[in-house]
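Enquirer: Dropping a structure here in structure tokens format, bear with me for questions.
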Amino acid sequence: MNIAIIGTGGVGGYFGAKLAQAGNNVTFVARGQHLKAIQANGLHVKSINGDVILKDVQVTDCITNIKAADLVITAVKAWQIKEIRNDIRDIIHDKSIVLPLQNGVLAAEELSEVIDAKNIMGGLCRIISKIEAPGVINHFGVQPEIVFGELDRQESERMMLLSSLFEQAGINYKASRDIEADVWKKFISICVSALLAVTKTTYGEMCELKETYQMMTELLNEIYLVSQKAGVNIKPDFIDKTISFIKSFPYDSTSSLTRDVLEGKPSEIDYQNGTVVRLAEKYGVDVPVNRFIYNCVLPMELKARGLFGK
């Protein structure tokens, strides 16, 4: 299968390397020093499950250099989808699958504004990983998994195709009959990331302190209420399960959004807590903790994007 990995960070680098190791024709899209290092030395994935080293890697910094991709996995930041969707449209064919693994709940919708909806599936992934150095990905937390499904909740041949592909590559997966609910479940849990940024804590520190633990609980419950107003099928015990899952994270771990905010980089805040605030206004739900967290991060986000004073 011809596979395009759009974004070779912690997500795309890990899953793309596993797919390439299994013998698929994988082309990675990377930039800057990361691109140069991969071109010179290949791609090294350090993982708590065992390392993957790819010596001869197909990599480019231009999406449209890729031809006739059967599967396109988008692993860029959520806010970059609008920047790349026209290029993705130009490299796919009638039966191509475009699988977004972005955080948030808007990726499939934003892709479908440019790309035929028949080519798009819903998707998400679970992994704690990052670019450790140019050409080096470090997976250091959570059992990696890809969840995917048809947006109309139907079973399909291509769901079976992806199941076989991921199984052969040794990637844990779930073929979902309600991908909307699964995407929302992840969305709820990742919105804790901005709380970590505001409090400058790790997951372990946040859970250890009574005050921040309470804020986390309130933040999650607010988003659950929004999901119910939006008609998403999530059971009431989900929040307790999410808190237990977060407690299982390595004590010193953080999220990509947390690291981006603390390092002064543009982040996905508008696609996480910002989306919560906007949807809460739409559905008439009060979300004071999410609104406070979003408003605290917003000035840092504007500075990171050079938008203050404009």
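Identifiers in this document derive from the order of the structure tokens: chains are assigned A, B, ..., residues are numbered from 1 separately in each chain, and ligands are numbered from 1 in order of occurrence.
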Need to verify the contact set: segment 110-113 of chain A, 12 Å, only C-alpha atoms, exclusion of same-chain residues closer than 6 positions in sequence. Can you return it as an mmCIF file with C-alpha atoms, in the first residue's frame?

Expert:
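Dumped to selection.cif:
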data_model
loop_
_atom_site.group_PDB
_atom_site.id
_atom_site.type_symbol
_atom_site.label_atom_id
_atom_site.label_comp_id
_atom_site.auth_asym_id
_atom_site.auth_seq_id
_atom_site.Cartn_x
_atom_site.Cartn_y
_atom_site.Cartn_z
ATOM 1 C CA VAL A 72 -3.070 9.497 3.819
ATOM 2 C CA THR A 74 -2.653 13.412 8.736
ATOM 3 C CA ALA A 78 -5.054 20.460 14.365
ATOM 4 C CA TRP A 79 -4.726 24.052 13.201
ATOM 5 C CA GLN A 80 -2.595 22.991 10.230
ATOM 6 C CA ILE A 81 -5.349 20.916 8.580
ATOM 7 C CA LYS A 82 -6.648 23.943 6.698
ATOM 8 C CA GLU A 83 -3.125 24.622 5.423
ATOM 9 C CA ILE A 84 -2.593 21.154 3.927
ATOM 10 C CA ARG A 85 -6.018 19.958 2.786
ATOM 11 C CA ASN A 86 -5.748 21.342 -0.759
ATOM 12 C CA ASP A 87 -2.430 19.540 -1.248
ATOM 13 C CA ILE A 88 -3.907 16.308 0.100
ATOM 14 C CA ARG A 89 -6.752 16.578 -2.401
ATOM 15 C CA ILE A 97 -8.536 6.907 2.405
ATOM 16 C CA VAL A 98 -7.731 10.085 4.316
ATOM 17 C CA LEU A 99 -7.416 9.300 8.019
ATOM 18 C CA PRO A 100 -7.030 12.284 10.382
ATOM 19 C CA LEU A 101 -5.396 11.627 13.753
ATOM 20 C CA GLN A 102 -5.687 15.197 15.007
ATOM 21 C CA GLY A 104 -10.064 17.905 18.748
ATOM 22 C CA ASN A 119 -12.502 9.647 0.952
ATOM 23 C CA ILE A 120 -12.518 10.653 4.622
ATOM 24 C CA MET A 121 -12.757 8.431 7.680
ATOM 25 C CA GLY A 122 -12.892 9.492 11.298
ATOM 26 C CA LEU A 151 -18.438 8.817 9.751
ATOM 27 C CA TYR A 271 -9.084 23.233 18.898
#

Enquirer: Can you check which parts of segment 139-205 of chain A lie within 8 Å of segment 287-302 of chain A? Per residue, the shortest pair of atoms and distance in Å to one decimal, counting only C-alpha atoms, sorted by chain and number, as a tab-separated table.

Expert:
residue	atom	partner	partner_atom	distance
A:Ala194	CA	A:Ile293	CA	6.5
A:Leu195	CA	A:Ile293	CA	6.3
A:Ala197	CA	A:Val297	CA	7.9
A:Val198	CA	A:Val297	CA	6.9

Enquirer: Please produce a file of the residues just selected, as a PDB file, in the first residue's frame, where the atoms kept are N, CA and C atoms.

Expert:
ATOM      1  N   ALA A 194      -4.231  21.943  28.701  1.00  0.00           N
ATOM      2  CA  ALA A 194      -4.097  23.376  28.958  1.00  0.00           C
ATOM      3  C   ALA A 194      -4.039  23.678  30.450  1.00  0.00           C
ATOM      4  N   LEU A 195      -4.698  22.849  31.266  1.00  0.00           N
ATOM      5  CA  LEU A 195      -4.585  23.009  32.713  1.00  0.00           C
ATOM      6  C   LEU A 195      -3.146  22.755  33.161  1.00  0.00           C
ATOM      7  N   ALA A 197      -0.563  23.359  31.375  1.00  0.00           N
ATOM      8  CA  ALA A 197       0.215  24.525  30.939  1.00  0.00           C
ATOM      9  C   ALA A 197       0.040  25.701  31.894  1.00  0.00           C
ATOM     10  N   VAL A 198      -1.194  25.958  32.295  1.00  0.00           N
ATOM     11  CA  VAL A 198      -1.474  27.102  33.170  1.00  0.00           C
ATOM     12  C   VAL A 198      -0.841  26.904  34.547  1.00  0.00           C
TER      13      VAL A 198
END

Enquirer: Apply DSSP to the backbone of this structure and, from segment 210-288 of chain A, keep only the residues in helix (DSSP H, G or I); write these as a ChimeraX atom specification.

Expert: /A:210-229,238-247,256-262,269-271,273-283,288

Enquirer: Would you mind listing, for every residue of segment 59-172 of chain A within 9 Å of segment 1-13 of chain A, the two atoms forming the shortest contact and the distance between them in Å to one decimal, using only C-alpha atoms, sorted by chain and ascending residue number, as a Markdown table?

Expert:
| residue | atom | partner | partner_atom | distance |
| --- | --- | --- | --- | --- |
| A:Ile63 | CA | A:Ile6 | CA | 7.4 |
| A:Ile66 | CA | A:Ala4 | CA | 7.4 |
| A:Lys67 | CA | A:Asn2 | CA | 8.8 |
| A:Ala68 | CA | A:Asn2 | CA | 7.5 |
| A:Ala69 | CA | A:Asn2 | CA | 5.2 |
| A:Asp70 | CA | A:Asn2 | CA | 5.2 |
| A:Leu71 | CA | A:Ile3 | CA | 4.8 |
| A:Val72 | CA | A:Ala4 | CA | 4.8 |
| A:Ile73 | CA | A:Ile5 | CA | 5.1 |
| A:Thr74 | CA | A:Ile6 | CA | 4.9 |
| A:Ala75 | CA | A:Gly7 | CA | 4.9 |
| A:Val76 | CA | A:Gly7 | CA | 4.9 |
| A:Lys77 | CA | A:Gly7 | CA | 8.4 |
| A:Ile84 | CA | A:Ile6 | CA | 8.7 |
| A:Ile88 | CA | A:Ile6 | CA | 8.9 |
| A:Leu101 | CA | A:Val11 | CA | 8.3 |
| A:Cys125 | CA | A:Val11 | CA | 7.9 |
| A:Arg126 | CA | A:Val11 | CA | 8.7 |
| A:Ile127 | CA | A:Val11 | CA | 7.2 |
| A:Ile128 | CA | A:Gly10 | CA | 7.6 |
| A:Ser129 | CA | A:Gly10 | CA | 4.7 |
| A:Lys130 | CA | A:Gly10 | CA | 4.0 |
| A:Ile131 | CA | A:Gly10 | CA | 5.6 |
| A:Glu132 | CA | A:Gly10 | CA | 8.8 |
| A:Val136 | CA | A:Gly13 | CA | 8.6 |
| A:Ile137 | CA | A:Gly10 | CA | 5.9 |
| A:Asn138 | CA | A:Gly10 | CA | 7.0 |
| A:His139 | CA | A:Gly10 | CA | 7.1 |
| A:Leu165 | CA | A:Met1 | CA | 8.8 |

Enquirer: Would you please give, as a VMD selection string, all residues of segment 46-168 of chain A that DSSP assigns to strand (DSSP E or B) based on the backbone?

Expert: chain A and resid 46 to 47 52 to 54 58 to 60 69 to 74 92 to 100 120 122 to 133 136 to 149

Enquirer: A:Gln143, A:Ser189, A:Thr201, A:Gln154: which is nearest Leu262 of chain A, counting only C-alpha atoms?

Expert: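 Ranking A:Gln143, A:Ser189, A:Thr201, A:Gln154 by distance to Leu262 of chain A, first place goes to A:Thr201.
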
Enquirer: Report, in Å with one decimal, the straight-line distance from atom CA of Ile239 of chain A to atom CA of Val261 of chain A.

Expert: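 Distance reported for this atom pair: 25.3 Å.
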
Enquirer: If we count only C-alpha atoms, what is near segment 205-213 of chain A at a cut-off of 12 Å, once residues fewer than 3 positions away on the same chain are taken out, given as number ranges by chain?

Expert: A: 192-202, 216-220, 243-254, 289

Enquirer: Would you mind reading off the distance between atom CA of Ile171 of chain A and atom CA of Asp237 of chain A, one decimal, in Å?

Expert: 27.6 Å

Enquirer: Pick out the closest residue to Ala280 of chain A from this set: A:His34, A:Lys265, A:Lys229, A:Lys55. Count only C-alpha atoms.

Expert: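 Nearest candidate to Ala280 of chain A out of A:His34, A:Lys265, A:Lys229, A:Lys55: A:Lys229.
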
Enquirer: Using only C-alpha atoms for the distances, tell me which of A:Val226, A:Met160, A:Lys186, A:Asp116 is nearest to Glu145 of chain A.

Expert: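 Closest to Glu145 of chain A, using only C-alpha atoms: A:Lys186.
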
Enquirer: I'd like to know which of A:Ser163, A:Asn49, A:Gln168, A:Ser227 is closest to Trp184 of chain A, using only C-alpha atoms.

Expert: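 Closest candidate: A:Ser227.
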
Enquirer: So, counting only C-alpha atoms, which residue among A:Gly306, A:Gly141, A:Gly170, A:Gly284 is closest to Gly23 of chain A?

Expert: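 Of the candidates, the smallest distance to Gly23 of chain A is held by A:Gly170.
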
Enquirer: Skip Thr60 of chain A itself and residues of its chain fewer than 4 positions away, then list as a VMD selection string all residues within 9 Å of it, counting only C-alpha atoms.

Expert: chain A and resid 27 to 31 35 39 65 to 66

Enquirer: Okay, now the selection with C-alpha atoms, as an mmCIF file, in the first residue's frame?

Expert:
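Saved the output as out.cif:
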data_model
loop_
_atom_site.group_PDB
_atom_site.id
_atom_site.type_symbol
_atom_site.label_atom_id
_atom_site.label_comp_id
_atom_site.auth_asym_id
_atom_site.auth_seq_id
_atom_site.Cartn_x
_atom_site.Cartn_y
_atom_site.Cartn_z
ATOM 1 C CA THR A 27 6.502 8.464 2.315
ATOM 2 C CA PHE A 28 6.983 10.864 5.232
ATOM 3 C CA VAL A 29 6.528 14.632 5.119
ATOM 4 C CA ALA A 30 8.913 16.533 7.378
ATOM 5 C CA ARG A 31 10.590 19.941 7.550
ATOM 6 C CA LEU A 35 13.930 16.478 7.369
ATOM 7 C CA GLN A 39 17.499 12.177 4.780
ATOM 8 C CA ASN A 65 5.664 15.300 -4.503
ATOM 9 C CA ILE A 66 3.704 12.224 -3.393
#

Enquirer: Calculated over only C-alpha atoms, which of the candidates A:Val57, A:Val105, A:Cys62, A:Val52 has the smallest distance to Leu124 of chain A?

Expert: A:Val105

Enquirer: Between atom CA of Thr242 of chain A and atom CA of Pro144 of chain A, measure the distance and give it in Å to one decimal.

Expert: 16.4 Å
